[in-house]
$ cat data-v1.csv   # CSV, C-alpha atoms
chain,number,residue,atom,x,y,z
A,6,MET,CA,-35.6,-76.0,8.6
A,7,SER,CA,-36.2,-78.6,11.2
A,8,VAL,CA,-37.0,-76.0,13.9
A,9,PHE,CA,-39.6,-74.3,11.7
A,10,PHE,CA,-41.0,-77.8,11.0
A,11,VAL,CA,-41.4,-78.5,14.7
A,12,ILE,CA,-43.1,-75.2,15.3
A,13,LEU,CA,-45.7,-75.9,12.6
A,14,LEU,CA,-46.1,-79.4,13.9
A,15,ASN,CA,-47.0,-78.2,17.3
A,16,PHE,CA,-49.4,-75.5,16.0
A,17,LEU,CA,-51.3,-77.8,13.6
A,18,PRO,CA,-50.9,-81.6,13.7
A,19,LEU,CA,-49.5,-83.5,10.7
A,20,ARG,CA,-51.1,-86.4,9.0
A,21,LYS,CA,-50.1,-89.7,10.6
A,22,ASN,CA,-48.7,-91.3,7.4
A,23,TRP,CA,-44.9,-91.5,7.8
A,24,ILE,CA,-44.3,-90.9,4.1
A,25,MET,CA,-46.3,-87.7,4.3
A,26,ARG,CA,-44.3,-86.6,7.3
A,27,ILE,CA,-41.0,-87.1,5.5
A,28,LEU,CA,-42.3,-85.2,2.5
A,29,ALA,CA,-43.6,-82.4,4.8
A,30,LEU,CA,-40.2,-82.1,6.4
A,31,ALA,CA,-38.6,-81.7,2.9
A,32,ALA,CA,-41.2,-79.2,1.9
A,33,THR,CA,-40.5,-76.9,4.9
A,34,TYR,CA,-36.9,-76.7,3.6
A,35,LEU,CA,-38.1,-74.9,0.5
A,36,PHE,CA,-39.9,-72.3,2.6
A,37,SER,CA,-37.0,-71.8,5.0
A,38,VAL,CA,-34.4,-71.2,2.3
A,39,THR,CA,-36.3,-69.2,-0.4
A,40,THR,CA,-34.7,-65.8,-0.8
A,41,ILE,CA,-37.1,-62.9,-1.0
A,42,TYR,CA,-36.1,-59.7,-2.8
A,43,SER,CA,-37.9,-56.3,-3.1
A,44,ASN,CA,-40.5,-56.3,-6.0
A,45,ASP,CA,-40.2,-60.1,-6.1
A,46,LEU,CA,-43.7,-61.0,-7.1
A,47,ALA,CA,-42.8,-64.5,-8.4
A,48,ASN,CA,-41.3,-65.7,-5.1
A,49,LEU,CA,-44.0,-63.9,-3.0
A,50,LEU,CA,-46.9,-65.6,-4.9
A,51,GLY,CA,-45.0,-68.8,-5.3
A,52,MET,CA,-44.4,-69.1,-1.5
A,53,LEU,CA,-48.0,-68.2,-0.8
A,54,LEU,CA,-49.5,-70.8,-3.1
A,55,GLY,CA,-46.9,-73.4,-2.1
A,56,PHE,CA,-47.4,-72.8,1.6
A,57,CYS,CA,-51.2,-73.1,1.2
A,58,ALA,CA,-50.8,-76.4,-0.7
A,59,TYR,CA,-48.4,-77.6,2.0
A,60,VAL,CA,-50.8,-76.9,4.8
A,61,ILE,CA,-53.8,-78.5,3.0
A,62,VAL,CA,-52.0,-81.6,1.9
A,63,PHE,CA,-49.8,-82.4,4.9
A,64,HIS,CA,-51.7,-81.1,8.0
A,65,ARG,CA,-54.9,-82.2,9.7
A,66,GLY,CA,-57.5,-79.8,11.0
A,67,ARG,CA,-60.5,-77.7,10.0
A,68,TRP,CA,-60.3,-75.2,7.2
A,69,VAL,CA,-60.3,-72.3,9.6
A,70,GLU,CA,-57.3,-73.7,11.5
A,71,LYS,CA,-55.4,-74.1,8.2
A,72,LEU,CA,-56.3,-70.6,7.2
A,73,THR,CA,-54.9,-69.3,10.5
A,74,THR,CA,-51.7,-71.3,10.0
A,75,VAL,CA,-51.1,-69.6,6.6
A,76,LEU,CA,-52.0,-66.1,7.9
A,77,ILE,CA,-49.7,-66.4,10.9
A,78,PHE,CA,-46.6,-68.2,9.5
A,79,TYR,CA,-46.5,-67.0,5.9
A,80,PRO,CA,-45.8,-63.3,6.9
A,81,THR,CA,-43.2,-64.4,9.4
A,82,VAL,CA,-41.2,-66.6,7.0
A,83,ILE,CA,-41.4,-63.9,4.3
A,84,ALA,CA,-40.2,-61.2,6.8
A,85,VAL,CA,-37.4,-63.3,8.2
A,86,ASN,CA,-36.1,-64.3,4.8
A,87,TYR,CA,-36.4,-60.8,3.4
A,88,LEU,CA,-34.6,-59.2,6.4
A,89,GLU,CA,-31.8,-61.8,6.1
A,90,GLU,CA,-31.2,-61.2,2.4
A,91,THR,CA,-31.4,-57.4,2.4
A,92,THR,CA,-29.4,-56.9,5.7
A,93,GLY,CA,-26.7,-59.3,4.6
A,94,ARG,CA,-26.4,-57.7,1.2
A,95,ARG,CA,-26.2,-54.2,2.6
A,96,LEU,CA,-23.5,-55.3,5.1
A,97,PHE,CA,-21.5,-57.0,2.4
A,98,PHE,CA,-21.4,-54.0,0.1
A,99,ALA,CA,-20.8,-51.6,3.0
A,100,ILE,CA,-17.7,-53.6,4.0
A,101,THR,CA,-16.2,-54.6,0.7
A,102,ASN,CA,-17.3,-51.8,-1.7
A,103,ALA,CA,-17.7,-54.6,-4.3
A,104,PRO,CA,-19.4,-53.8,-7.6
A,105,SER,CA,-23.1,-54.7,-7.5
A,106,GLY,CA,-25.0,-56.7,-10.1
A,107,ILE,CA,-22.4,-59.3,-11.1
A,108,THR,CA,-19.8,-61.4,-9.3
A,109,LEU,CA,-17.3,-61.6,-12.1
A,110,GLY,CA,-15.4,-58.5,-11.0
A,111,TRP,CA,-15.2,-59.6,-7.3
A,112,THR,CA,-11.8,-60.4,-5.8
A,113,ARG,CA,-11.1,-63.6,-3.9
A,114,GLU,CA,-11.4,-61.7,-0.6
A,115,GLN,CA,-14.8,-60.3,-1.7
A,116,LEU,CA,-16.0,-63.8,-2.6
A,117,PHE,CA,-14.8,-65.1,0.7
A,118,MET,CA,-16.5,-62.2,2.6
A,119,SER,CA,-19.7,-62.9,0.7
A,120,THR,CA,-19.7,-66.6,1.8
A,121,ALA,CA,-18.8,-65.7,5.3
A,122,ILE,CA,-21.6,-63.1,5.6
A,123,ASN,CA,-24.1,-65.5,4.0
A,124,THR,CA,-23.1,-68.2,6.5
A,125,LEU,CA,-23.4,-65.8,9.4
A,126,PHE,CA,-26.9,-64.7,8.5
A,127,LEU,CA,-28.0,-68.4,7.9
A,128,LEU,CA,-26.7,-69.0,11.4
A,129,LEU,CA,-28.7,-66.0,12.7
A,130,ARG,CA,-31.8,-67.2,11.0
A,131,LEU,CA,-31.4,-70.6,12.7
A,132,LEU,CA,-30.9,-68.9,16.0
A,133,PHE,CA,-34.0,-66.8,15.4
A,134,TRP,CA,-36.1,-69.9,14.8
A,135,ILE,CA,-34.6,-71.7,17.9
A,136,GLY,CA,-35.4,-68.6,20.0
A,137,ALA,CA,-38.9,-68.5,18.5
A,138,TRP,CA,-39.4,-72.2,19.4
A,139,LEU,CA,-38.2,-71.7,23.0
A,140,PHE,CA,-40.5,-68.7,23.4
A,141,LEU,CA,-43.5,-70.1,21.8
A,142,ARG,CA,-43.4,-73.8,22.7
A,143,LYS,CA,-45.5,-73.3,25.9
A,144,TYR,CA,-48.2,-71.4,24.0
A,145,LEU,CA,-48.1,-73.7,20.9
A,146,ARG,CA,-48.9,-76.7,23.1
A,147,GLN,CA,-51.9,-74.9,24.6
A,148,VAL,CA,-53.4,-74.1,21.2
A,149,ARG,CA,-55.7,-77.0,20.4
A,150,SER,CA,-59.1,-77.5,18.7
A,151,ASN,CA,-61.1,-76.1,21.7
A,152,LEU,CA,-61.5,-72.8,19.8
A,153,THR,CA,-64.7,-72.3,17.9
A,154,THR,CA,-64.8,-71.2,14.3
A,155,LYS,CA,-65.7,-67.7,15.4
A,156,MET,CA,-62.7,-67.5,17.7
A,157,TRP,CA,-60.4,-68.6,15.0
A,158,LEU,CA,-61.9,-66.0,12.6
A,159,ILE,CA,-61.2,-63.3,15.2
A,160,ILE,CA,-57.5,-64.2,15.2
A,161,ASP,CA,-57.5,-64.4,11.4
A,162,THR,CA,-59.0,-60.9,11.2
A,163,LEU,CA,-56.2,-59.6,13.3
A,164,MET,CA,-53.5,-61.3,11.2
A,165,LEU,CA,-55.0,-60.2,7.9
A,166,ALA,CA,-53.6,-56.7,8.3
A,167,SER,CA,-50.1,-58.1,8.9
A,168,PHE,CA,-50.5,-60.5,6.0
A,169,VAL,CA,-51.5,-57.8,3.5
A,170,ALA,CA,-48.9,-55.3,4.8
A,171,ILE,CA,-45.9,-57.7,4.5
A,172,PHE,CA,-47.0,-58.7,1.0
A,173,THR,CA,-47.6,-55.2,-0.4
A,174,ILE,CA,-44.6,-53.5,1.4
A,175,ILE,CA,-42.1,-55.9,-0.1
A,176,TYR,CA,-43.6,-55.9,-3.5
A,177,PHE,CA,-44.2,-52.2,-4.0
A,178,MET,CA,-41.5,-50.6,-1.9
A,179,PRO,CA,-37.9,-50.2,-3.1
A,180,ALA,CA,-35.3,-52.0,-1.0
A,181,ASN,CA,-33.7,-48.8,0.2
A,182,PHE,CA,-36.9,-47.6,1.9
A,183,ALA,CA,-36.2,-47.9,5.7
A,184,ILE,CA,-39.9,-48.3,6.4
A,185,VAL,CA,-39.7,-51.9,5.1
A,186,TYR,CA,-37.6,-53.0,8.1
A,187,PRO,CA,-40.0,-52.0,11.0
A,188,ILE,CA,-43.0,-53.3,9.1
A,189,CYS,CA,-41.2,-56.7,8.7
A,190,SER,CA,-40.4,-56.7,12.4
A,191,ALA,CA,-43.9,-55.7,13.4
A,192,SER,CA,-45.3,-58.5,11.2
A,193,ILE,CA,-43.1,-61.1,13.1
A,194,PHE,CA,-44.3,-59.6,16.4
A,195,SER,CA,-47.9,-59.7,15.3
A,196,SER,CA,-47.6,-63.4,14.3
A,197,PHE,CA,-46.2,-64.4,17.7
A,198,GLY,CA,-48.7,-62.2,19.4
A,199,CYS,CA,-51.6,-64.0,17.7
A,200,ILE,CA,-50.2,-67.4,18.8
A,201,TYR,CA,-50.2,-66.1,22.4
A,202,LEU,CA,-53.7,-64.8,21.9
A,203,ALA,CA,-54.9,-68.2,20.7
A,204,SER,CA,-53.2,-69.8,23.6
A,205,TYR,CA,-54.8,-67.3,26.0
A,206,ILE,CA,-58.3,-67.9,24.6
A,207,CYS,CA,-57.8,-71.7,24.9
A,208,ASN,CA,-56.8,-71.4,28.5
A,209,SER,CA,-59.7,-69.1,29.2
A,210,VAL,CA,-62.1,-71.6,27.7
A,211,GLN,CA,-60.5,-74.4,29.7
A,212,THR,CA,-60.7,-72.4,32.9
A,213,ALA,CA,-64.3,-71.4,32.4
A,214,TYR,CA,-65.2,-75.1,31.7
A,215,ARG,CA,-63.3,-76.3,34.9
A,216,VAL,CA,-65.2,-73.7,37.0
A,217,GLN,CA,-68.5,-74.9,35.5
A,218,GLU,CA,-67.5,-78.5,36.0
A,219,LEU,CA,-66.7,-77.8,39.7
A,220,GLU,CA,-70.0,-76.1,40.2
A,221,LEU,CA,-71.8,-79.0,38.6
A,222,ARG,CA,-70.0,-81.5,40.7
A,223,GLN,CA,-70.8,-79.6,43.9
A,224,SER,CA,-74.5,-79.4,42.9
A,225,TYR,CA,-74.5,-83.0,41.8
A,226,TYR,CA,-73.1,-84.3,45.1
A,227,ALA,CA,-75.3,-82.0,47.2
A,228,ASP,CA,-78.4,-83.4,45.3
A,229,ARG,CA,-77.1,-86.9,45.7
A,230,MET,CA,-76.6,-86.5,49.5
A,231,ARG,CA,-80.2,-85.2,49.8
A,232,ASP,CA,-81.6,-88.0,47.7
A,233,GLU,CA,-79.7,-90.7,49.7
A,234,GLU,CA,-80.8,-89.1,52.9
A,235,ARG,CA,-84.4,-89.4,51.6
A,236,VAL,CA,-84.0,-93.0,50.7
A,237,ARG,CA,-82.4,-93.8,54.1
A,238,SER,CA,-85.4,-92.1,55.7
A,239,ILE,CA,-87.8,-94.2,53.6
A,240,TYR,CA,-85.9,-97.3,54.6
A,241,HIS,CA,-86.1,-96.4,58.2
A,242,ASP,CA,-89.8,-96.0,58.0
A,243,LEU,CA,-90.3,-99.0,55.7
A,244,LYS,CA,-91.8,-101.1,58.5
A,245,ASN,CA,-94.4,-98.4,59.2
A,246,HIS,CA,-95.2,-98.2,55.5
A,247,LEU,CA,-95.7,-101.9,55.3
A,248,LEU,CA,-98.1,-101.7,58.2
A,249,VAL,CA,-100.1,-99.0,56.4
A,250,LEU,CA,-100.2,-101.1,53.2
A,251,GLU,CA,-101.4,-104.1,55.2
A,252,ALA,CA,-104.2,-102.1,56.8
A,253,GLN,CA,-105.3,-100.9,53.3
A,254,ALA,CA,-105.3,-104.4,51.9
A,255,GLY,CA,-109.0,-104.2,51.2
A,256,ASN,CA,-108.8,-100.9,49.4
A,257,GLY,CA,-107.1,-101.3,46.1
A,258,GLN,CA,-107.1,-97.6,45.2
A,259,ALA,CA,-105.5,-96.6,48.5
A,260,VAL,CA,-102.8,-99.3,48.1
A,261,GLU,CA,-102.0,-98.0,44.6
A,262,ALA,CA,-101.8,-94.4,45.9
A,263,SER,CA,-99.4,-95.4,48.7
A,264,ILE,CA,-97.2,-97.4,46.2
A,265,ALA,CA,-97.1,-94.5,43.8
A,266,GLU,CA,-96.1,-92.1,46.6
A,267,LEU,CA,-93.2,-94.4,47.6
A,268,GLN,CA,-92.1,-94.7,44.0
A,269,SER,CA,-92.1,-90.9,43.6
A,270,GLN,CA,-90.0,-90.5,46.7
A,271,ILE,CA,-87.2,-92.8,45.4
A,272,GLN,CA,-87.5,-91.9,41.7
A,273,ALA,CA,-84.9,-89.1,42.1
A,274,TYR,CA,-82.4,-91.5,43.5
A,275,GLU,CA,-82.8,-93.8,40.5
A,276,ASN,CA,-81.8,-91.0,38.1
A,277,TYR,CA,-78.2,-91.4,39.0
A,278,TYR,CA,-76.0,-93.1,36.4
A,279,HIS,CA,-72.7,-94.8,36.8
A,280,THR,CA,-70.9,-94.6,33.5
A,281,GLY,CA,-67.3,-95.0,34.8
A,282,ASN,CA,-66.6,-91.3,34.1
A,283,ALA,CA,-67.4,-88.7,36.8
A,284,VAL,CA,-68.0,-85.9,34.3
A,285,LEU,CA,-70.3,-88.0,32.2
A,286,ASP,CA,-72.3,-89.1,35.3
A,287,ILE,CA,-73.1,-85.5,36.1
A,288,LEU,CA,-73.9,-84.6,32.5
A,289,ILE,CA,-76.2,-87.7,31.9
A,290,ARG,CA,-78.1,-87.0,35.1
A,291,ASP,CA,-78.7,-83.4,34.2
A,292,LYS,CA,-79.9,-84.3,30.7
A,293,ALA,CA,-82.1,-87.1,32.2
A,294,LYS,CA,-83.7,-84.5,34.5
A,295,ILE,CA,-84.5,-82.2,31.6
A,296,ALA,CA,-85.9,-85.1,29.6
A,297,GLN,CA,-88.2,-86.0,32.5
A,298,GLN,CA,-89.4,-82.4,32.7
A,299,GLU,CA,-90.2,-82.6,29.0
A,300,GLN,CA,-92.0,-85.9,29.5
A,301,ILE,CA,-89.5,-87.7,27.3
A,302,ASP,CA,-88.8,-91.5,27.8
A,303,PHE,CA,-85.0,-91.3,28.4
A,304,SER,CA,-82.7,-94.3,28.9
A,305,ALA,CA,-79.0,-94.6,29.0
A,306,ALA,CA,-76.7,-97.7,29.0
A,307,ILE,CA,-73.2,-96.3,29.2
A,308,SER,CA,-69.8,-97.8,30.0
A,309,PHE,CA,-67.3,-95.1,29.4
A,310,ALA,CA,-64.2,-96.0,31.5
A,311,ASP,CA,-61.9,-94.4,28.8
A,312,ASP,CA,-58.8,-94.0,31.1
A,313,GLY,CA,-58.5,-90.3,30.2
A,314,LEU,CA,-58.6,-91.0,26.4
A,315,VAL,CA,-61.2,-88.2,25.8
A,316,ALA,CA,-60.8,-84.8,27.5
A,317,PRO,CA,-63.6,-83.7,29.8
A,318,LEU,CA,-64.4,-80.7,27.6
A,319,ASP,CA,-64.8,-83.0,24.6
A,320,ILE,CA,-67.0,-85.5,26.6
A,321,SER,CA,-69.3,-82.5,27.3
A,322,THR,CA,-69.2,-81.4,23.7
A,323,ILE,CA,-70.0,-84.9,22.3
A,324,PHE,CA,-72.7,-86.1,24.7
A,325,GLY,CA,-74.1,-82.7,25.7
A,326,ASN,CA,-74.7,-81.6,22.1
A,327,ALA,CA,-76.0,-85.0,21.0
A,328,ILE,CA,-78.6,-85.3,23.8
A,329,ASP,CA,-79.5,-81.6,23.5
A,330,ASN,CA,-80.3,-82.1,19.8
A,331,ALA,CA,-82.4,-85.2,20.7
A,332,ILE,CA,-84.3,-83.3,23.3
A,333,GLU,CA,-85.0,-80.5,20.9
A,334,ALA,CA,-86.3,-82.9,18.3
A,335,SER,CA,-88.5,-84.7,20.9
A,336,ARG,CA,-90.2,-81.5,21.8
A,337,LYS,CA,-91.8,-81.4,18.4
A,338,LEU,CA,-93.5,-84.7,18.8
A,339,ALA,CA,-96.5,-85.9,20.7
A,340,GLN,CA,-95.8,-87.1,24.2
A,341,GLU,CA,-96.3,-90.8,23.5
A,342,GLN,CA,-93.7,-90.6,20.7
A,343,ARG,CA,-90.9,-88.9,22.7
A,344,LEU,CA,-88.0,-91.4,23.1
A,345,ILE,CA,-84.3,-91.0,23.6
A,346,THR,CA,-81.8,-93.8,24.0
A,347,VAL,CA,-78.1,-93.3,24.7
A,348,ARG,CA,-75.6,-96.2,24.5
A,349,ALA,CA,-71.8,-96.2,24.8
A,350,ASN,CA,-69.5,-99.2,25.1
A,351,ARG,CA,-66.1,-100.4,24.2
A,352,VAL,CA,-66.0,-102.9,21.4
A,353,ARG,CA,-62.5,-104.3,21.0
A,354,ASP,CA,-60.3,-101.3,20.2
A,355,MET,CA,-63.2,-98.9,19.5
A,356,MET,CA,-65.4,-96.8,21.7
A,357,VAL,CA,-68.9,-96.8,20.1
A,358,ILE,CA,-71.4,-94.1,21.1
A,359,THR,CA,-75.0,-94.2,19.8
A,360,VAL,CA,-77.7,-91.7,20.4
A,361,GLU,CA,-81.2,-92.6,19.0
A,362,ASN,CA,-84.3,-90.5,19.2
A,363,ASN,CA,-87.7,-90.2,17.5
A,364,ALA,CA,-87.8,-87.2,15.3
A,365,PRO,CA,-90.2,-85.4,12.9
A,366,ALA,CA,-89.8,-86.2,9.2
A,367,MET,CA,-86.4,-85.0,7.9
A,368,THR,CA,-85.3,-84.4,4.3
A,369,GLY,CA,-82.1,-82.9,2.8
A,370,ASN,CA,-79.1,-82.2,5.0
A,371,LEU,CA,-79.5,-84.1,8.3
A,372,GLU,CA,-76.9,-81.8,10.0
A,373,LYS,CA,-78.6,-78.5,9.1
A,374,THR,CA,-80.4,-76.8,11.9
A,375,THR,CA,-84.2,-76.4,11.7
A,376,LYS,CA,-84.2,-73.2,13.7
A,377,LYS,CA,-84.7,-69.9,12.0
A,378,ASP,CA,-81.7,-68.3,13.6
A,379,THR,CA,-78.9,-70.1,11.7
A,380,PHE,CA,-76.3,-67.7,12.9
A,381,LEU,CA,-76.6,-68.7,16.6
A,382,HIS,CA,-77.7,-72.3,16.0
A,383,GLY,CA,-76.7,-75.3,13.9
A,384,PHE,CA,-73.2,-75.9,15.4
A,385,GLY,CA,-74.1,-78.9,17.5
A,386,LEU,CA,-73.3,-81.7,15.1
A,387,SER,CA,-70.4,-79.7,13.7
A,388,ASN,CA,-68.9,-79.3,17.1
A,389,ILE,CA,-69.4,-83.0,17.8
A,390,ARG,CA,-67.6,-83.9,14.6
A,391,ASN,CA,-64.7,-81.5,15.3
A,392,ALA,CA,-64.3,-83.1,18.8
A,393,VAL,CA,-64.4,-86.6,17.5
A,394,GLN,CA,-61.9,-85.8,14.7
A,395,LYS,CA,-59.3,-84.8,17.4
A,396,TYR,CA,-59.2,-88.5,18.4
A,397,ASP,CA,-59.2,-89.8,14.7
A,398,GLY,CA,-62.8,-90.9,15.2
A,399,GLN,CA,-65.7,-91.0,12.8
A,400,CYS,CA,-69.2,-89.5,13.2
A,401,SER,CA,-72.3,-90.5,11.1
A,402,THR,CA,-76.0,-89.7,11.1
A,403,SER,CA,-79.0,-91.4,9.6
A,404,TYR,CA,-82.8,-91.1,9.6
A,405,GLU,CA,-85.2,-94.0,8.9
A,406,ASN,CA,-88.7,-94.7,9.9
A,407,GLY,CA,-89.0,-91.7,12.1
A,408,MET,CA,-85.8,-92.5,14.0
A,409,PHE,CA,-82.7,-90.3,14.0
A,410,VAL,CA,-79.5,-92.1,14.8
A,411,LEU,CA,-76.1,-90.5,15.6
A,412,GLN,CA,-73.2,-92.9,15.8
A,413,ILE,CA,-69.7,-92.1,16.9
A,414,VAL,CA,-66.7,-94.4,16.8
A,415,ILE,CA,-63.4,-93.4,18.5
A,416,PRO,CA,-60.3,-95.6,18.4
A,417,VAL,CA,-58.9,-96.6,21.8
A,418,SER,CA,-55.8,-98.4,23.0
A,419,LEU,CA,-56.0,-102.1,23.8
A,420,ALA,CA,-53.5,-101.7,26.6

$ encode --input "data-v1.csv" --output "structure tokens"
Amino acid sequence: MSVFFVILLNFLPLRKNWIMRILALAATYLFSVTTIYSNDLANLLGMLLGFCAYVIVFHRGRWVEKLTTVLIFYPTVIAVNYLEETTGRRLFFAITNAPSGITLGWTREQLFMSTAINTLFLLLRLLFWIGAWLFLRKYLRQVRSNLTTKMWLIIDTLMLASFVAIFTIIYFMPANFAIVYPICSASIFSSFGCIYLASYICNSVQTAYRVQELELRQSYYADRMRDEERVRSIYHDLKNHLLVLEAQAGNGQAVEASIAELQSQIQAYENYYHTGNAVLDILIRDKAKIAQQEQIDFSAAISFADDGLVAPLDISTIFGNAIDNAIEASRKLAQEQRLITVRANRVRDMMVITVENNAPAMTGNLEKTTKKDTFLHGFGLSNIRNAVQKYDGQCSTSYENGMFVLQIVIPVSLA
């Protein structure tokens, strides 16, 4: 019971209320000890509905993650419990030749043998779940909320065949049909394989992001070195520039042109931001450059020294999607109306992130994409919300007087 509980806990996090955790531990006992027989529709449906209710009530996560949990673990528990019951019963009757159906005619030796075999198979089931935990623990820890809804649905599609097969084969097939046993074994194998697949996809996403992050850092530092070299060159020639300005003192237009030229030469260097987070420095500079190209008034006041609270991939998801959405909305406005402001700061035990931008008139669902291709677009705010929820944060949106406001609050430690 406790081993199966730990496996579920590592795949999908529990709610943080301790009472709920205790109740969840007790609920897993019911799943782990329920005996499954052939043609046993009551227990098959009862465990399915009960397990669905258990995942919804006691575990945190998106609906697609909870669906995956049911599709992976329900067939496994059914298969293990069924194999234990049928194999143990076959072994008992093969050894003792006891009459089937009732226990009244059993001898004391037969009753003792029944207890011993039942205890043996309970021990084997415990050893199975311990072995499963030892095998899966590395992969379970790697399965997190980095997968998109489409990725989870791919895994669900693969598990659907196993889910349907285990249910129908036990309900429709007689117990003496040998085909039931390999199908049960294959169902267990498929479940563990899908956990490995989810882990592999997570690792691939993380690896791809790390490669992209290294490329961005390399480009960032190369650009910064060039801009600093340019500023040092301007500083070196500053005496000569002042002499030129002095000579042009009587020509206002020439002085203004010289000043504008100096400003343009150092403007690129001023676009570097110091947020306290290296990943965020690169991201904000990149978004600021895009905003400048789109003639958007962009400003950022960010203090994000989070001491590793938020993973780099989630920082990219939160700030990247928020600013991309703001830039997309700004493109629809006249140039003089284009404005984006990004603020992030720690307020007591909360990290507060606010992204404001002028936007066209909005009605209805603020989180629904305005693009025609809703299949490929419209996941920005949803992905932000999913990333924030991983840290027990809250995300809210509002629109008033032509201003769209996205506010994110993430709890942080006071230590």

$ atom_distance --input "data-v1.csv" --atom1 "CA of Ala392 (chain A)" --atom2 "CA of Gly281 (chain A)"
20.2 Å

$ closest_residue --input "data-v1.csv" --among "A:Arg343, A:Arg222, A:Arg113, A:Lys71" --to "Asp286 (chain A)" --atoms "all atoms listed in the file"
A:Arg222

$ residues_around --input "data-v1.csv" --residues "region 128-141 of chain A" --least-positions-apart "3" --cutoff "9 Å" --atoms "only C-alpha atoms" --output "list of chain:residue names"
A:Met6, A:Val8, A:Phe9, A:Val11, A:Ile12, A:Val85, A:Asn86, A:Glu89, A:Asn123, A:Thr124, A:Leu125, A:Tyr144, A:Leu145, A:Arg146, A:Phe197, A:Ile200, A:Tyr201

$ residues_around --input "data-v1.csv" --residues "region 22-28 of chain A" --least-positions-apart "5" --cutoff "9 Å" --atoms "all atoms listed in the file" --output "VMD selection string"
chain A and resid 33 62 to 63

$ residues_around --input "data-v1.csv" --residues "Phe97 (chain A)" --least-positions-apart "3" --cutoff "10 Å" --atoms "all atoms listed in the file" --output "PyMOL selection string"
chain A and resi 91-94+100-103+115+118-123

$ residues_around --input "data-v1.csv" --residues "Asn282 (chain A)" --least-positions-apart "5" --cutoff "12 Å" --atoms "only C-alpha atoms" --output "PyMOL selection string"
chain A and resi 287-289+307-317+320-321+349

$ atom_distance --input "data-v1.csv" --atom1 "CA of Phe36 (chain A)" --atom2 "CA of Ile159 (chain A)"
26.3 Å

$ atom_distance --input "data-v1.csv" --atom1 "CA of Ser196 (chain A)" --atom2 "CA of Ser167 (chain A)"
8.0 Å

$ residues_near_point --input "data-v1.csv" --point "(-45.8, -67.7, 3.6)" --cutoff "7 Å" --atoms "only C-alpha atoms" --output "PDB file with C-alpha atoms, in the coordinates of the input"
ATOM      1  CA  MET A  52     -44.400 -69.100  -1.500  1.00  0.00           C
ATOM      2  CA  LEU A  53     -48.000 -68.200  -0.800  1.00  0.00           C
ATOM      3  CA  PHE A  56     -47.400 -72.800   1.600  1.00  0.00           C
ATOM      4  CA  VAL A  75     -51.100 -69.600   6.600  1.00  0.00           C
ATOM      5  CA  PHE A  78     -46.600 -68.200   9.500  1.00  0.00           C
ATOM      6  CA  TYR A  79     -46.500 -67.000   5.900  1.00  0.00           C
ATOM      7  CA  PRO A  80     -45.800 -63.300   6.900  1.00  0.00           C
ATOM      8  CA  VAL A  82     -41.200 -66.600   7.000  1.00  0.00           C
ATOM      9  CA  ILE A  83     -41.400 -63.900   4.300  1.00  0.00           C
TER      10      ILE A  83
END

$ residues_near_point --input "data-v1.csv" --point "(-51.1, -85.6, 7.7)" --cutoff "6 Å" --atoms "only C-alpha atoms" --output "list in words"
Leu19, Arg20, Lys21, Phe63, His64 and Arg65 of chain A

$ closest_residue --input "data-v1.csv" --among "A:Asp319, A:Glu220, A:Asp228, A:Glu90" --to "Leu152 (chain A)" --atoms "all atoms listed in the file"
A:Asp319

$ closest_residue --input "data-v1.csv" --among "A:Asn350, A:Thr280, A:Ser7, A:Asn391" --to "Val414 (chain A)" --atoms "all atoms listed in the file"
A:Asn350
